[in-house]
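Student: My questions will all concern the structure given below.
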Amino acid sequence: MIKLTPDEIRFFRDEGYVIKRKVMDEKLMAEARERLWDNPPPGIDRNDPNTWRGPIQAPEDREKLPRSPETDYLFDGWTIPNPPSHNDQYGAVDGICWRYRTLGTEKFLVRMLLTDPSIWGMAEQLLGKGWLAVPSRTRGIYCRFPQCDIPVEPLKPHTDGHEFHLGVVGFIDDVPPNGGGFTIYPKSHRVFYYQHLTQYGRDKADTYEKHHDSLKEQTATECCGDAGDIVLFHHRLAHAGNPPNHSLKIRKAALGDLVRKDLKDKLDEPPCENMWGDWPGIPTDG
Ligand SMILES: O=C(O)CCC(=O)C(=O)O
Ligand SMILES: [Fe+2]
């Protein structure tokens with residue numbers, strides 16, 4: 001079992017994320033890399049790296065596509081509806097990402113990324129033993145194609161819109177530096193926790209935009225590593241949805257969420273003065 005050290009827990013508290021190396025199960029990662037090719041976007045050929053490139057087209061209006069309730073997020077039987085922005089098949093957005101979301105419901109992926117005993121145990125270290133709700137799905141496997149000749153756009157930071165406590169990003173293949181690694185804004189969780197109307201919901205405070213604009217001045221950190229490495233991140237940590245991939249490999253990461261069982265009772269609560277009230281494992285004194 002891999003555990004978080006007290007220093008790593010403090011790092012998570014102060015920076016909003018922590019990287020743990022070589023955590024995920026090799027066999028399950030091999031299965032994930034294999035299953036990724038069940039349903040690639042048109043024109044993308046597993047055996048021909050020349051085709052591993054965007055742009056792939058996103059539907060013009062994702063909000064109008066039929067919602068698929070079978071992909072809702074169930075936690076111990078209660079539901080967080082899959083947001084309409086997750087409706088399109090490839091989640092193409094900026095042309096170089098391929099978000100294979102429907103694979104996210106597969107049991108092996110939930111086991112690899114969320115209920116793996118080490119990952120579950122580390123999440124319990126932060127959120128309390130016995131407090132995690134059993135998840136039904138991950139977000140899926142999020143790929144980023146090599147940038148090739150597509151112009152690099154400025155980073156687009158955001159905080160996630162759905163309700164959760166702890167995000168998990170797991171690399172199922174190596175991600176070299178500048179290879180589209182998960183790109184975060186350290187410490188921003190301490191700002192954005194207070195920039196929403198509720199602790200966990202998507203509605204933003206009037207002052208959100210001002211703080212969001214100031215992220216442009218902040219240096220983002222790209223989390224890279226090898227297959228098996230994971231990043232645990234706080235739900236209000238700002239991160240970029242479009243990290244450029246200057247490598248020749250497809251960036252392949254599984255994303256998922258862990259929540260406490262009592263999240264459903266707290267959906268209307270405004271942010272608390274102490275942002276760590278639901279995190280019994282986080283020391284607030286030094
Ligand atoms: O793919 C990534 O690196 C980030 C994706 C992301 O932020 C999201 O989909 O919310
Ligand atoms: Fe995000």
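Ordered as shown in the structure tokens, chains take letters A, B, and onward, while each chain numbers its residues from 1 and ligands are numbered from 1 in the order shown.
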Could you give me, as a Markdown table, a per-residue list for chain A showing, wherever an atom lies at most 7 Å from an atom of ligand 2, the closest pair of atoms and their distance in Å to one decimal, using only C-alpha atoms and all ligand atoms and sorting by chain then residue number from low to high?

Tutor:
| residue | atom | partner | partner_atom_place_in_ligand_line | distance |
| --- | --- | --- | --- | --- |
| A:His158 | CA | ligand 2 | 1 (Fe) | 6.3 |
| A:Thr159 | CA | ligand 2 | 1 (Fe) | 6.0 |
| A:Asp160 | CA | ligand 2 | 1 (Fe) | 4.7 |
| A:His239 | CA | ligand 2 | 1 (Fe) | 6.2 |
| A:Ala240 | CA | ligand 2 | 1 (Fe) | 6.9 |
| A:Gly241 | CA | ligand 2 | 1 (Fe) | 5.7 |

Student: Based on the selection just made, write N, CA and C atoms of those residues as a short mmCIF file (atom, residue, chain, number, x, y, z; two decimals), in the first residue's frame.

Tutor:
data_model
loop_
_atom_site.label_atom_id
_atom_site.label_comp_id
_atom_site.auth_asym_id
_atom_site.auth_seq_id
_atom_site.Cartn_x
_atom_site.Cartn_y
_atom_site.Cartn_z
N HIS A 158 -9.43 26.92 -15.84
CA HIS A 158 -10.80 26.84 -15.35
C HIS A 158 -10.80 26.08 -14.02
N THR A 159 -11.93 26.22 -13.30
CA THR A 159 -12.17 25.29 -12.20
C THR A 159 -13.31 24.40 -12.67
N ASP A 160 -13.32 23.15 -12.23
CA ASP A 160 -14.31 22.21 -12.73
C ASP A 160 -15.70 22.59 -12.23
N HIS A 239 -6.95 24.74 -13.33
CA HIS A 239 -6.05 23.99 -14.21
C HIS A 239 -6.43 24.30 -15.65
N ALA A 240 -5.52 23.98 -16.57
CA ALA A 240 -5.75 24.32 -17.96
C ALA A 240 -6.37 23.14 -18.69
N GLY A 241 -7.41 23.41 -19.47
CA GLY A 241 -8.04 22.34 -20.24
C GLY A 241 -7.30 22.05 -21.52
#

Student: Show me, as a ChimeraX atom specification, the residues that have an atom within 7 Å of region 17-29 of chain A when counting only C-alpha atoms, minus same-chain residues fewer than 4 positions from it.

Tutor: /A:8,11-12,33,108,112-113,172,228-234

Student: Within 7 Å of Arg144 (chain A), counting only C-alpha atoms, which residues show up once you throw out same-chain ones fewer than 5 positions away? Write them as a list in words, please.

Tutor: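 The residues that qualify are Ile96, Cys97, Trp98, Gly180, Asn245, Ile250, Arg251 and Lys252 of chain A.
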
Student: Let me see if you get this right: every residue at most 10 Å from ligand 1, counting only C-alpha atoms and all ligand atoms, written as an MDAnalysis selection string.

Tutor: chainID A and resid 85:86 91 93 97:99 101 139:144 156:162 167 169 180:184 222:223 238:244 251:256

Student: If you keep N, CA and C atoms, can you produce a file of those selected residues as a short mmCIF file (atom, residue, chain, number, x, y, z; two decimals), in the first residue's frame?

Tutor:
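Okay, result.cif is ready:
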data_model
loop_
_atom_site.label_atom_id
_atom_site.label_comp_id
_atom_site.auth_asym_id
_atom_site.auth_seq_id
_atom_site.Cartn_x
_atom_site.Cartn_y
_atom_site.Cartn_z
N SER A 85 -22.27 19.49 -21.18
CA SER A 85 -21.01 19.72 -21.88
C SER A 85 -20.24 18.41 -22.09
N HIS A 86 -20.71 17.32 -21.46
CA HIS A 86 -20.05 16.03 -21.65
C HIS A 86 -20.76 15.16 -22.68
N GLY A 91 -15.52 14.87 -27.28
CA GLY A 91 -15.09 15.97 -26.42
C GLY A 91 -13.95 16.75 -27.03
N VAL A 93 -13.37 19.83 -28.37
CA VAL A 93 -13.13 21.20 -27.93
C VAL A 93 -12.07 21.94 -28.74
N CYS A 97 -7.83 17.56 -28.45
CA CYS A 97 -8.17 16.61 -27.38
C CYS A 97 -9.24 15.63 -27.82
N TRP A 98 -9.11 14.46 -27.28
CA TRP A 98 -10.04 13.36 -27.55
C TRP A 98 -10.39 12.80 -26.18
N ARG A 99 -11.59 13.14 -25.75
CA ARG A 99 -12.00 12.71 -24.40
C ARG A 99 -12.93 11.52 -24.55
N ARG A 101 -15.11 9.58 -23.01
CA ARG A 101 -15.84 9.61 -21.74
C ARG A 101 -16.65 8.35 -21.48
N ARG A 139 -14.22 9.86 -15.17
CA ARG A 139 -14.60 10.77 -16.26
C ARG A 139 -14.27 10.16 -17.63
N GLY A 140 -13.37 9.18 -17.63
CA GLY A 140 -12.96 8.55 -18.89
C GLY A 140 -11.47 8.74 -19.13
N ILE A 141 -11.05 8.45 -20.33
CA ILE A 141 -9.64 8.65 -20.68
C ILE A 141 -9.55 9.88 -21.57
N TYR A 142 -8.74 10.83 -21.12
CA TYR A 142 -8.60 12.09 -21.83
C TYR A 142 -7.25 12.10 -22.55
N CYS A 143 -7.32 12.16 -23.86
CA CYS A 143 -6.09 12.16 -24.66
C CYS A 143 -5.84 13.54 -25.22
N ARG A 144 -4.57 13.83 -25.43
CA ARG A 144 -4.23 15.03 -26.18
C ARG A 144 -3.25 14.64 -27.28
N LYS A 156 -5.90 27.88 -21.18
CA LYS A 156 -7.25 28.28 -20.76
C LYS A 156 -7.53 27.67 -19.39
N PRO A 157 -7.32 28.47 -18.33
CA PRO A 157 -7.57 27.93 -16.99
C PRO A 157 -9.06 27.86 -16.67
N HIS A 158 -9.43 26.92 -15.84
CA HIS A 158 -10.80 26.84 -15.35
C HIS A 158 -10.80 26.08 -14.02
N THR A 159 -11.93 26.22 -13.30
CA THR A 159 -12.17 25.29 -12.20
C THR A 159 -13.31 24.40 -12.67
N ASP A 160 -13.32 23.15 -12.23
CA ASP A 160 -14.31 22.21 -12.73
C ASP A 160 -15.70 22.59 -12.23
N GLY A 161 -16.72 22.27 -13.05
CA GLY A 161 -18.07 22.74 -12.75
C GLY A 161 -18.93 21.76 -11.98
N HIS A 162 -18.56 20.50 -11.92
CA HIS A 162 -19.44 19.55 -11.24
C HIS A 162 -18.98 19.36 -9.79
N GLY A 167 -10.06 15.31 -7.08
CA GLY A 167 -9.86 14.85 -8.45
C GLY A 167 -8.65 13.93 -8.51
N VAL A 169 -6.03 12.27 -11.43
CA VAL A 169 -5.55 12.14 -12.81
C VAL A 169 -4.52 11.03 -12.79
N GLY A 180 1.84 17.66 -22.82
CA GLY A 180 0.40 17.77 -22.52
C GLY A 180 0.04 17.30 -21.12
N GLY A 181 1.02 17.37 -20.20
CA GLY A 181 0.75 16.95 -18.81
C GLY A 181 -0.33 17.79 -18.17
N PHE A 182 -0.95 17.25 -17.13
CA PHE A 182 -2.00 17.97 -16.41
C PHE A 182 -1.39 19.27 -15.85
N THR A 183 -1.98 20.40 -16.23
CA THR A 183 -1.32 21.69 -15.97
C THR A 183 -2.15 22.50 -14.99
N ILE A 184 -1.55 22.74 -13.83
CA ILE A 184 -2.32 23.32 -12.73
C ILE A 184 -1.73 24.67 -12.28
N GLU A 222 3.19 22.16 -15.07
CA GLU A 222 2.78 20.97 -15.81
C GLU A 222 3.17 19.72 -15.01
N CYS A 223 2.22 18.88 -14.69
CA CYS A 223 2.53 17.61 -14.00
C CYS A 223 2.78 16.55 -15.07
N ALA A 238 -7.46 25.55 -9.92
CA ALA A 238 -7.56 25.93 -11.33
C ALA A 238 -6.54 25.12 -12.14
N HIS A 239 -6.95 24.74 -13.33
CA HIS A 239 -6.05 23.99 -14.21
C HIS A 239 -6.43 24.30 -15.65
N ALA A 240 -5.52 23.98 -16.57
CA ALA A 240 -5.75 24.32 -17.96
C ALA A 240 -6.37 23.14 -18.69
N GLY A 241 -7.41 23.41 -19.47
CA GLY A 241 -8.04 22.34 -20.24
C GLY A 241 -7.30 22.05 -21.52
N ASN A 242 -6.30 22.87 -21.85
CA ASN A 242 -5.66 22.74 -23.16
C ASN A 242 -4.13 22.74 -23.09
N PRO A 243 -3.51 21.90 -22.24
CA PRO A 243 -2.04 21.92 -22.19
C PRO A 243 -1.45 21.44 -23.52
N PRO A 244 -0.54 22.21 -24.12
CA PRO A 244 -0.01 21.81 -25.43
C PRO A 244 0.85 20.56 -25.34
N ARG A 251 -0.94 12.07 -25.37
CA ARG A 251 -1.02 12.15 -23.91
C ARG A 251 -2.28 11.37 -23.48
N LYS A 252 -2.08 10.38 -22.63
CA LYS A 252 -3.21 9.52 -22.25
C LYS A 252 -3.37 9.53 -20.73
N ALA A 253 -4.44 10.15 -20.26
CA ALA A 253 -4.67 10.23 -18.82
C ALA A 253 -6.10 9.84 -18.49
N ALA A 254 -6.27 9.05 -17.45
CA ALA A 254 -7.62 8.78 -16.94
C ALA A 254 -7.92 9.86 -15.90
N LEU A 255 -9.14 10.37 -15.92
CA LEU A 255 -9.55 11.36 -14.91
C LEU A 255 -10.75 10.83 -14.14
N GLY A 256 -10.83 11.19 -12.88
CA GLY A 256 -11.98 10.73 -12.09
C GLY A 256 -12.12 11.54 -10.82
#

Student: Can you list, as a ChimeraX atom specification, all residues belonging to region 89-132 of chain A that DSSP tags as helix (DSSP H, G or I)?

Tutor: /A:102-105,107-115,117-127

Student: Based on the selection just made, write N, CA and C atoms of those residues as a PDB file, in the first residue's frame.

Tutor:
ATOM      1  N   THR A 102     -17.214   7.780 -22.578  1.00  0.00           N
ATOM      2  CA  THR A 102     -18.124   6.651 -22.346  1.00  0.00           C
ATOM      3  C   THR A 102     -17.371   5.452 -21.771  1.00  0.00           C
ATOM      4  N   LEU A 103     -16.094   5.348 -22.040  1.00  0.00           N
ATOM      5  CA  LEU A 103     -15.310   4.250 -21.444  1.00  0.00           C
ATOM      6  C   LEU A 103     -15.246   4.394 -19.915  1.00  0.00           C
ATOM      7  N   GLY A 104     -15.515   5.613 -19.459  1.00  0.00           N
ATOM      8  CA  GLY A 104     -15.359   5.921 -18.034  1.00  0.00           C
ATOM      9  C   GLY A 104     -16.201   5.073 -17.094  1.00  0.00           C
ATOM     10  N   THR A 105     -17.267   4.433 -17.609  1.00  0.00           N
ATOM     11  CA  THR A 105     -18.144   3.633 -16.743  1.00  0.00           C
ATOM     12  C   THR A 105     -17.612   2.214 -16.531  1.00  0.00           C
ATOM     13  N   LYS A 107     -15.851  -0.971 -15.224  1.00  0.00           N
ATOM     14  CA  LYS A 107     -15.459  -1.305 -13.840  1.00  0.00           C
ATOM     15  C   LYS A 107     -13.948  -1.335 -13.655  1.00  0.00           C
ATOM     16  N   PHE A 108     -13.238  -1.847 -14.689  1.00  0.00           N
ATOM     17  CA  PHE A 108     -11.777  -1.958 -14.508  1.00  0.00           C
ATOM     18  C   PHE A 108     -11.134  -0.579 -14.372  1.00  0.00           C
ATOM     19  N   LEU A 109     -11.762   0.418 -15.033  1.00  0.00           N
ATOM     20  CA  LEU A 109     -11.195   1.767 -14.983  1.00  0.00           C
ATOM     21  C   LEU A 109     -11.464   2.412 -13.614  1.00  0.00           C
ATOM     22  N   VAL A 110     -12.655   2.136 -13.081  1.00  0.00           N
ATOM     23  CA  VAL A 110     -12.987   2.627 -11.735  1.00  0.00           C
ATOM     24  C   VAL A 110     -12.005   2.014 -10.731  1.00  0.00           C
ATOM     25  N   ARG A 111     -11.713   0.727 -10.906  1.00  0.00           N
ATOM     26  CA  ARG A 111     -10.787   0.037  -9.999  1.00  0.00           C
ATOM     27  C   ARG A 111      -9.358   0.595 -10.160  1.00  0.00           C
ATOM     28  N   MET A 112      -8.968   0.842 -11.401  1.00  0.00           N
ATOM     29  CA  MET A 112      -7.597   1.317 -11.654  1.00  0.00           C
ATOM     30  C   MET A 112      -7.360   2.702 -11.044  1.00  0.00           C
ATOM     31  N   LEU A 113      -8.354   3.589 -11.179  1.00  0.00           N
ATOM     32  CA  LEU A 113      -8.122   4.997 -10.861  1.00  0.00           C
ATOM     33  C   LEU A 113      -8.662   5.428  -9.509  1.00  0.00           C
ATOM     34  N   LEU A 114      -9.743   4.779  -9.052  1.00  0.00           N
ATOM     35  CA  LEU A 114     -10.422   5.306  -7.860  1.00  0.00           C
ATOM     36  C   LEU A 114     -10.469   4.333  -6.695  1.00  0.00           C
ATOM     37  N   THR A 115     -10.869   3.088  -6.953  1.00  0.00           N
ATOM     38  CA  THR A 115     -11.025   2.162  -5.814  1.00  0.00           C
ATOM     39  C   THR A 115      -9.791   1.297  -5.602  1.00  0.00           C
ATOM     40  N   PRO A 117      -6.727   0.031  -3.884  1.00  0.00           N
ATOM     41  CA  PRO A 117      -6.565   0.197  -2.424  1.00  0.00           C
ATOM     42  C   PRO A 117      -5.622   1.338  -2.032  1.00  0.00           C
ATOM     43  N   SER A 118      -4.548   1.547  -2.790  1.00  0.00           N
ATOM     44  CA  SER A 118      -3.637   2.648  -2.426  1.00  0.00           C
ATOM     45  C   SER A 118      -4.298   4.007  -2.656  1.00  0.00           C
ATOM     46  N   ILE A 119      -4.966   4.153  -3.802  1.00  0.00           N
ATOM     47  CA  ILE A 119      -5.566   5.456  -4.135  1.00  0.00           C
ATOM     48  C   ILE A 119      -6.726   5.758  -3.180  1.00  0.00           C
ATOM     49  N   TRP A 120      -7.561   4.752  -2.966  1.00  0.00           N
ATOM     50  CA  TRP A 120      -8.684   4.899  -2.021  1.00  0.00           C
ATOM     51  C   TRP A 120      -8.141   5.247  -0.633  1.00  0.00           C
ATOM     52  N   GLY A 121      -7.063   4.553  -0.239  1.00  0.00           N
ATOM     53  CA  GLY A 121      -6.476   4.776   1.083  1.00  0.00           C
ATOM     54  C   GLY A 121      -5.915   6.193   1.217  1.00  0.00           C
ATOM     55  N   MET A 122      -5.261   6.684   0.158  1.00  0.00           N
ATOM     56  CA  MET A 122      -4.713   8.049   0.230  1.00  0.00           C
ATOM     57  C   MET A 122      -5.851   9.076   0.286  1.00  0.00           C
ATOM     58  N   ALA A 123      -6.916   8.812  -0.473  1.00  0.00           N
ATOM     59  CA  ALA A 123      -8.072   9.727  -0.435  1.00  0.00           C
ATOM     60  C   ALA A 123      -8.697   9.703   0.964  1.00  0.00           C
ATOM     61  N   GLU A 124      -8.721   8.519   1.576  1.00  0.00           N
ATOM     62  CA  GLU A 124      -9.270   8.433   2.953  1.00  0.00           C
ATOM     63  C   GLU A 124      -8.364   9.151   3.949  1.00  0.00           C
ATOM     64  N   GLN A 125      -7.056   9.141   3.680  1.00  0.00           N
ATOM     65  CA  GLN A 125      -6.161   9.901   4.566  1.00  0.00           C
ATOM     66  C   GLN A 125      -6.582  11.377   4.590  1.00  0.00           C
ATOM     67  N   LEU A 126      -7.035  11.873   3.436  1.00  0.00           N
ATOM     68  CA  LEU A 126      -7.404  13.294   3.349  1.00  0.00           C
ATOM     69  C   LEU A 126      -8.848  13.538   3.807  1.00  0.00           C
ATOM     70  N   LEU A 127      -9.761  12.668   3.358  1.00  0.00           N
ATOM     71  CA  LEU A 127     -11.195  12.957   3.521  1.00  0.00           C
ATOM     72  C   LEU A 127     -11.856  12.176   4.652  1.00  0.00           C
TER      73      LEU A 127
END

Student: Give the strand (DSSP E) residues of region 168-231 of chain A, as assigned by DSSP on the backbone, as a PyMOL selection string.

Tutor: chain A and resi 168-171+182-184+221-223+230-231

Student: Using only C-alpha atoms, can you tell me which of A:Ile282, A:Leu166, A:Ala227, A:Leu237 comes closest to Pro186 (chain A)?

Tutor: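 Smallest separation from Pro186 (chain A) among the options: A:Leu237.
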
Student: Which residue is closest to Gly281 (chain A)? Choose from A:Leu248, A:His211, A:Met1, A:Ile9 and count only C-alpha atoms.

Tutor: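 Selected residue with least distance to Gly281 (chain A): A:Ile9.
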
Student: Report the distance between CA of Asp173 (chain A) and CA of Arg13 (chain A) in Å, rounded to one decimal place.

Tutor: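 Between these atoms lies a distance of 27.4 Å.
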
Student: Quick one: of A:Leu155, A:Asp257, A:His189, A:Tyr73, who's nearest to Thr219 (chain A), counting only C-alpha atoms?

Tutor: A:Leu155

Student: Which residue, A:Glu217, A:Arg202, A:Tyr208, A:Tyr194, has the smallest gap to Cys272 (chain A) when you use only C-alpha atoms?

Tutor: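 Of all the options, A:Tyr194 lies closest to Cys272 (chain A).
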